Amino acid sequence: MNRVFLFLPLAIFIVMGVYFALGLREDPSSIPSRMIDRPLPVFDLPGIAEGEPGFSNADLDGQVALVNVFGSWCPPCEIEHPMLMQISRSGRVPIFGVDWRDEPGAGAAWLARNGNPYQRVGDDPEGDLAFELGITGAPETFLIDRQGRVRFHHVGVIDETVWRDTLLPMIEALEVE
Amino acid sequence: MRPDLLILTIFLVVLTYSPVALASPPPDEQMVDPGMEIRARELYRDLRCVVCQSQSIDESNAALAADMRDKVRQRLLAGDSNAEVLAWVRERYGDYVLMTPPLQANTLFLWLLPFIALIGGGAVLVSFVRRQARQAGIRMDGEDEAELARLRDEEGQS
């Protein structure tokens, strides 16, 4: 009986080892989103430049759409940008932008330089909407269904793989829902 | 005191306390009401910075942490209690944002583990000590007695 107990530390070590090994595969920077299956909060953001239209819930009405949180200060957004342009050109799904924590005019200048993939862009200089959405960094993207609910929350850059393997199939499913 | 020693002392004191100075929020973040400021600092320590993750928003100088501190102050000024502020942030960022995990079904094991370890370790310790005591209590018979005397004699002990 005592001999069996001698193996207890080894057994505990193995269990913990497996647990930690699985933990290493997880991305610690992605925390579970609170937004899934919840409606977007009510918002009405001003435009990012004089005379530019803003972005509010009404703009999304009834369509499956992507809402992308970005900033001109954010290097990964620069990396993501060509992919958003490509999606926008394909006309597959409308993309709406939330310009997060930008200096006045910086977001508009950035879009003028790099191209504008967004139907509408709202200015969120104080991060009020970003806070309501539980944003932890830029870029982050929400997939919105016809009822204005968040169905998917992507943290980080949308690349070809994310678009093809994750977003596009979900969009197709939502459109026939 | 020699001047070079004095300079060294000042240098060491400044070095020792500089992290404390860095940890306080910048002056433009101080609340006017000192009572509110104390409550705000308490809340900052309870909330995790979601970009830096191992730091509370009290310690972090990330832009997002500054935003979160600002939101906490806004809620306090709006008359929320500390618990209401925490619930409000948790509603948006989830349990993860709290530095102290709440006691609930999925954290029960986490909270109970130290007590399980303490009781388990205590049980092992008690059984070990009892066994030792039992072995020490075994009486020697005549044969052992004679063997012990012979060995002591051999070593020159009496």
# chains A, B, ... in the order shown; residues from 1 in each chain; ligands from 1
$ residues_around --residues "segment 144-153 of chain A" --least-positions-apart "3" --cutoff "12 Å" --atoms "only C-alpha atoms" --output "number ranges by chain"
A: 30-42, 56-69, 93-96, 133-136, 139-141, 156-158, 162, 166-177
$ interface_residues --of "chain B" --to "chain A" --cutoff "8 Å" --atoms "only C-alpha atoms" --output "list in words"
Val50, Val51, Gln53, Leu64, Asp67, Met68, Glu91, Arg92, Tyr93, Gly94 and Tyr96 of chain B
$ residues_around --residues "Phe55 of chain A" --least-positions-apart "2" --cutoff "9 Å" --atoms "only C-alpha atoms" --output "mmCIF file with N, CA, C and O atoms, in the first residue's frame"
data_model
loop_
_atom_site.group_PDB
_atom_site.id
_atom_site.type_symbol
_atom_site.label_atom_id
_atom_site.label_comp_id
_atom_site.auth_asym_id
_atom_site.auth_seq_id
_atom_site.Cartn_x
_atom_site.Cartn_y
_atom_site.Cartn_z
ATOM 1 N N PHE A 43 -24.857 53.426 -29.785
ATOM 2 C CA PHE A 43 -23.785 54.425 -29.965
ATOM 3 C C PHE A 43 -24.117 55.333 -31.135
ATOM 4 O O PHE A 43 -24.902 54.983 -32.019
ATOM 5 N N ASP A 44 -23.533 56.504 -31.117
ATOM 6 C CA ASP A 44 -23.673 57.439 -32.222
ATOM 7 C C ASP A 44 -22.383 58.257 -32.269
ATOM 8 O O ASP A 44 -22.272 59.298 -31.620
ATOM 9 N N LEU A 45 -21.402 57.755 -33.026
ATOM 10 C CA LEU A 45 -20.091 58.399 -33.049
ATOM 11 C C LEU A 45 -20.046 59.467 -34.143
ATOM 12 O O LEU A 45 -20.628 59.288 -35.212
ATOM 13 N N PRO A 46 -19.332 60.572 -33.886
ATOM 14 C CA PRO A 46 -19.156 61.593 -34.930
ATOM 15 C C PRO A 46 -18.187 61.095 -36.003
ATOM 16 O O PRO A 46 -17.496 60.099 -35.812
ATOM 17 N N GLY A 47 -18.137 61.782 -37.125
ATOM 18 C CA GLY A 47 -17.195 61.445 -38.187
ATOM 19 C C GLY A 47 -15.767 61.791 -37.784
ATOM 20 O O GLY A 47 -15.542 62.527 -36.823
ATOM 21 N N PRO A 53 -19.556 61.761 -42.578
ATOM 22 C CA PRO A 53 -20.639 61.190 -41.774
ATOM 23 C C PRO A 53 -20.074 60.369 -40.616
ATOM 24 O O PRO A 53 -18.958 59.856 -40.697
ATOM 25 N N ASN A 57 -25.672 52.909 -34.693
ATOM 26 C CA ASN A 57 -26.370 51.627 -34.861
ATOM 27 C C ASN A 57 -27.225 51.607 -36.118
ATOM 28 O O ASN A 57 -27.332 50.579 -36.792
ATOM 29 N N ALA A 58 -27.831 52.764 -36.429
ATOM 30 C CA ALA A 58 -28.774 52.826 -37.550
ATOM 31 C C ALA A 58 -28.108 52.437 -38.869
ATOM 32 O O ALA A 58 -28.740 51.866 -39.749
ATOM 33 N N ASP A 59 -26.797 52.733 -38.990
ATOM 34 C CA ASP A 59 -26.083 52.430 -40.241
ATOM 35 C C ASP A 59 -25.991 50.933 -40.517
ATOM 36 O O ASP A 59 -25.811 50.513 -41.647
ATOM 37 N N LEU A 60 -26.057 50.134 -39.457
ATOM 38 C CA LEU A 60 -25.875 48.695 -39.607
ATOM 39 C C LEU A 60 -27.157 47.996 -40.000
ATOM 40 O O LEU A 60 -27.137 46.838 -40.414
ATOM 41 N N PHE A 96 -17.460 48.442 -41.264
ATOM 42 C CA PHE A 96 -17.585 49.732 -40.597
ATOM 43 C C PHE A 96 -16.395 49.905 -39.665
ATOM 44 O O PHE A 96 -15.901 48.929 -39.101
ATOM 45 N N GLY A 97 -15.923 51.143 -39.547
ATOM 46 C CA GLY A 97 -14.717 51.383 -38.751
ATOM 47 C C GLY A 97 -14.987 52.183 -37.500
ATOM 48 O O GLY A 97 -15.860 53.065 -37.470
ATOM 49 N N VAL A 98 -14.260 51.856 -36.433
ATOM 50 C CA VAL A 98 -14.255 52.683 -35.228
ATOM 51 C C VAL A 98 -12.812 53.132 -35.029
ATOM 52 O O VAL A 98 -11.922 52.306 -34.796
ATOM 53 N N ARG A 120 -18.651 53.457 -43.249
ATOM 54 C CA ARG A 120 -18.711 54.617 -42.358
ATOM 55 C C ARG A 120 -17.607 54.444 -41.315
ATOM 56 O O ARG A 120 -17.294 53.320 -40.945
ATOM 57 N N VAL A 121 -17.083 55.557 -40.836
ATOM 58 C CA VAL A 121 -16.088 55.499 -39.762
ATOM 59 C C VAL A 121 -16.538 56.420 -38.646
ATOM 60 O O VAL A 121 -16.897 57.578 -38.890
ATOM 61 N N GLY A 122 -16.554 55.916 -37.437
ATOM 62 C CA GLY A 122 -16.903 56.736 -36.283
ATOM 63 C C GLY A 122 -15.656 57.048 -35.477
ATOM 64 O O GLY A 122 -14.739 56.233 -35.388
ATOM 65 N N ASP A 123 -15.640 58.242 -34.905
ATOM 66 C CA ASP A 123 -14.484 58.672 -34.123
ATOM 67 C C ASP A 123 -14.728 58.356 -32.642
ATOM 68 O O ASP A 123 -15.761 58.722 -32.083
#
$ residues_around --residues "Cys77 of chain A" --least-positions-apart "4" --cutoff "8 Å" --atoms "only C-alpha atoms" --output "PyMOL selection string"
chain A and resi 70-72+81+138-139+157
$ atom_distance --atom1 "atom CA of Ala63 of chain B" --atom2 "atom CA of Met31 of chain B"
18.6 Å
$ residues_around --residues "segment 59-61 of chain B" --least-positions-apart "2" --cutoff "8 Å" --atoms "only C-alpha atoms" --output "ChimeraX atom specification"
/B:23-24,45,49,52,55-57,63,65-66
$ select_by_dssp --residues "chain A" --states "strand (DSSP E or B)" --output "ChimeraX atom specification"
/A:39,44-45,55-56,65-70,95-100,121-124,140-144,149-155
$ atom_distance --atom1 "atom CA of Tyr44 of chain B" --atom2 "atom CA of Arg69 of chain B"
6.6 Å
$ residues_around --residues "Glu42 of chain B" --least-positions-apart "4" --cutoff "12 Å" --atoms "only C-alpha atoms" --output "ChimeraX atom specification"
/B:35-38,46-47,56-59,69,72-73,76,82-83,85-86,99
$ write_last_selection --atoms "all heavy atoms" --output "compact mmCIF listing (two decimals), in the first residue's frame"
# COMPACT_ATOMS: atom_id res chain seq x y z
N GLY B 35 -11.33 61.62 -0.35
CA GLY B 35 -12.01 60.36 -0.04
C GLY B 35 -12.27 59.55 -1.31
O GLY B 35 -12.05 58.35 -1.36
N MET B 36 -12.70 60.26 -2.34
CA MET B 36 -12.94 59.64 -3.65
C MET B 36 -11.64 59.08 -4.20
O MET B 36 -11.61 58.00 -4.78
CB MET B 36 -13.48 60.69 -4.64
CG MET B 36 -14.93 61.02 -4.44
SD MET B 36 -15.95 60.00 -5.52
CE MET B 36 -17.42 60.99 -5.58
N GLU B 37 -10.55 59.87 -4.04
CA GLU B 37 -9.25 59.45 -4.56
C GLU B 37 -8.82 58.13 -3.91
O GLU B 37 -8.34 57.22 -4.59
CB GLU B 37 -8.20 60.55 -4.31
CG GLU B 37 -6.78 60.21 -4.73
CD GLU B 37 -6.59 60.01 -6.24
OE1 GLU B 37 -7.46 60.45 -7.01
OE2 GLU B 37 -5.59 59.38 -6.62
N ILE B 38 -9.05 58.00 -2.60
CA ILE B 38 -8.69 56.75 -1.90
C ILE B 38 -9.51 55.59 -2.46
O ILE B 38 -8.97 54.52 -2.74
CB ILE B 38 -8.91 56.92 -0.38
CG1 ILE B 38 -7.86 57.88 0.19
CG2 ILE B 38 -8.83 55.56 0.33
CD1 ILE B 38 -8.13 58.32 1.61
N ASP B 46 -7.87 46.73 -7.76
CA ASP B 46 -8.74 45.55 -7.94
C ASP B 46 -8.95 45.19 -9.40
O ASP B 46 -9.52 44.15 -9.70
CB ASP B 46 -10.12 45.83 -7.32
CG ASP B 46 -10.15 45.48 -5.86
OD1 ASP B 46 -9.19 44.84 -5.40
OD2 ASP B 46 -11.11 45.86 -5.17
N LEU B 47 -8.55 46.08 -10.31
CA LEU B 47 -8.86 45.87 -11.72
C LEU B 47 -7.59 45.57 -12.51
O LEU B 47 -6.57 46.23 -12.35
CB LEU B 47 -9.55 47.11 -12.30
CG LEU B 47 -10.97 47.34 -11.78
CD1 LEU B 47 -11.46 48.73 -12.17
CD2 LEU B 47 -11.93 46.29 -12.30
N SER B 56 -2.13 45.48 -12.28
CA SER B 56 -3.43 46.12 -12.09
C SER B 56 -3.38 47.46 -12.85
O SER B 56 -2.30 47.90 -13.24
CB SER B 56 -3.68 46.37 -10.61
OG SER B 56 -2.79 47.35 -10.14
N ILE B 57 -4.52 48.09 -13.02
CA ILE B 57 -4.50 49.37 -13.73
C ILE B 57 -3.88 50.45 -12.84
O ILE B 57 -3.52 51.51 -13.31
CB ILE B 57 -5.91 49.81 -14.23
CG1 ILE B 57 -6.91 49.94 -13.09
CG2 ILE B 57 -6.43 48.86 -15.29
CD1 ILE B 57 -8.21 50.60 -13.53
N ASP B 58 -3.70 50.14 -11.55
CA ASP B 58 -3.01 51.07 -10.66
C ASP B 58 -1.53 51.14 -11.01
O ASP B 58 -0.92 52.19 -10.93
CB ASP B 58 -3.19 50.62 -9.20
CG ASP B 58 -2.67 51.66 -8.23
OD1 ASP B 58 -3.10 52.81 -8.32
OD2 ASP B 58 -1.82 51.31 -7.39
N GLU B 59 -0.97 50.00 -11.39
CA GLU B 59 0.48 49.94 -11.65
C GLU B 59 0.81 50.26 -13.10
O GLU B 59 1.92 50.65 -13.41
CB GLU B 59 1.01 48.52 -11.37
CG GLU B 59 0.79 48.05 -9.98
CD GLU B 59 0.81 46.53 -9.90
OE1 GLU B 59 0.15 45.87 -10.72
OE2 GLU B 59 1.51 46.01 -9.03
N ARG B 69 -8.88 53.79 -15.82
CA ARG B 69 -8.89 54.60 -14.59
C ARG B 69 -9.85 55.77 -14.76
O ARG B 69 -10.60 56.11 -13.84
CB ARG B 69 -7.47 55.12 -14.29
CG ARG B 69 -6.51 54.05 -13.81
CD ARG B 69 -5.27 54.66 -13.16
NE ARG B 69 -4.46 55.41 -14.10
CZ ARG B 69 -3.44 54.89 -14.79
NH1 ARG B 69 -3.14 53.63 -14.65
NH2 ARG B 69 -2.74 55.64 -15.62
N VAL B 72 -13.34 54.59 -14.32
CA VAL B 72 -13.61 54.34 -12.90
C VAL B 72 -13.95 55.66 -12.20
O VAL B 72 -14.93 55.76 -11.46
CB VAL B 72 -12.40 53.66 -12.22
CG1 VAL B 72 -12.52 53.70 -10.69
CG2 VAL B 72 -12.25 52.23 -12.70
N ARG B 73 -13.15 56.70 -12.48
CA ARG B 73 -13.41 58.01 -11.85
C ARG B 73 -14.76 58.56 -12.28
O ARG B 73 -15.51 59.10 -11.46
CB ARG B 73 -12.29 59.00 -12.21
CG ARG B 73 -10.98 58.70 -11.51
CD ARG B 73 -10.01 59.87 -11.63
NE ARG B 73 -9.66 60.15 -13.02
CZ ARG B 73 -8.71 59.51 -13.69
NH1 ARG B 73 -8.01 58.57 -13.09
NH2 ARG B 73 -8.44 59.82 -14.93
N LEU B 76 -17.39 56.84 -10.28
CA LEU B 76 -17.39 57.30 -8.88
C LEU B 76 -18.08 58.67 -8.78
O LEU B 76 -18.88 58.91 -7.88
CB LEU B 76 -15.96 57.39 -8.35
CG LEU B 76 -15.28 56.06 -8.01
CD1 LEU B 76 -13.85 56.31 -7.53
CD2 LEU B 76 -16.05 55.30 -6.92
N ASN B 82 -18.36 51.26 -4.74
CA ASN B 82 -17.21 50.50 -5.26
C ASN B 82 -17.67 49.22 -5.94
O ASN B 82 -17.19 48.86 -7.01
CB ASN B 82 -16.26 50.15 -4.12
CG ASN B 82 -15.48 51.37 -3.64
OD1 ASN B 82 -15.85 52.50 -3.94
ND2 ASN B 82 -14.41 51.12 -2.91
N ALA B 83 -18.62 48.52 -5.31
CA ALA B 83 -19.11 47.26 -5.87
C ALA B 83 -19.78 47.49 -7.22
O ALA B 83 -19.62 46.69 -8.15
CB ALA B 83 -20.07 46.60 -4.90
N VAL B 85 -19.10 49.88 -9.36
CA VAL B 85 -18.07 50.17 -10.37
C VAL B 85 -17.45 48.85 -10.86
O VAL B 85 -17.32 48.62 -12.07
CB VAL B 85 -16.96 51.08 -9.80
CG1 VAL B 85 -15.85 51.26 -10.82
CG2 VAL B 85 -17.52 52.42 -9.40
N LEU B 86 -17.11 47.97 -9.91
CA LEU B 86 -16.50 46.69 -10.29
C LEU B 86 -17.45 45.88 -11.16
O LEU B 86 -17.04 45.30 -12.17
CB LEU B 86 -16.11 45.88 -9.05
CG LEU B 86 -14.93 46.43 -8.24
CD1 LEU B 86 -14.66 45.54 -7.03
CD2 LEU B 86 -13.67 46.55 -9.10
N MET B 99 -8.84 41.48 -10.26
CA MET B 99 -7.57 40.94 -9.78
C MET B 99 -7.81 39.79 -8.80
O MET B 99 -7.02 38.87 -8.70
CB MET B 99 -6.73 42.04 -9.10
CG MET B 99 -6.16 43.06 -10.05
SD MET B 99 -5.03 42.36 -11.29
CE MET B 99 -3.47 42.44 -10.44
$ closest_residue --among "A:Ile79, A:Val15, A:Ile87, A:Leu6" --to "Arg164 of chain A" --atoms "only C-alpha atoms"
A:Ile87
$ select_by_dssp --residues "segment 114-159 of chain A" --states "alpha helix (DSSP H)" --output "JSON list (two decimals) with N, CA, C and O atoms, in the first residue's frame"
[["chain", "number", "residue", "atom", "x", "y", "z"],
["A", 114, "ASN", "N", -3.79, 55.41, -47.00],
["A", 114, "ASN", "CA", -3.78, 53.95, -47.22],
["A", 114, "ASN", "C", -5.01, 53.43, -47.96],
["A", 114, "ASN", "O", -5.05, 52.26, -48.31],
["A", 128, "ASP", "N", -14.74, 55.49, -25.52],
["A", 128, "ASP", "CA", -16.01, 55.18, -24.83],
["A", 128, "ASP", "C", -16.68, 53.93, -25.41],
["A", 128, "ASP", "O", -17.07, 53.03, -24.67],
["A", 129, "LEU", "N", -16.80, 53.88, -26.76],
["A", 129, "LEU", "CA", -17.42, 52.71, -27.37],
["A", 129, "LEU", "C", -16.50, 51.49, -27.20],
["A", 129, "LEU", "O", -16.97, 50.39, -26.91],
["A", 130, "ALA", "N", -15.19, 51.71, -27.36],
["A", 130, "ALA", "CA", -14.22, 50.62, -27.20],
["A", 130, "ALA", "C", -14.37, 49.96, -25.83],
["A", 130, "ALA", "O", -14.32, 48.74, -25.69],
["A", 131, "PHE", "N", -14.60, 50.80, -24.81],
["A", 131, "PHE", "CA", -14.77, 50.27, -23.46],
["A", 131, "PHE", "C", -16.05, 49.44, -23.36],
["A", 131, "PHE", "O", -16.06, 48.35, -22.78],
["A", 132, "GLU", "N", -17.13, 49.95, -23.98],
["A", 132, "GLU", "CA", -18.40, 49.21, -23.96],
["A", 132, "GLU", "C", -18.25, 47.86, -24.66],
["A", 132, "GLU", "O", -18.93, 46.89, -24.32],
["A", 133, "LEU", "N", -17.36, 47.81, -25.65],
["A", 133, "LEU", "CA", -17.17, 46.58, -26.42],
["A", 133, "LEU", "C", -16.15, 45.64, -25.78],
["A", 133, "LEU", "O", -15.95, 44.52, -26.25]]
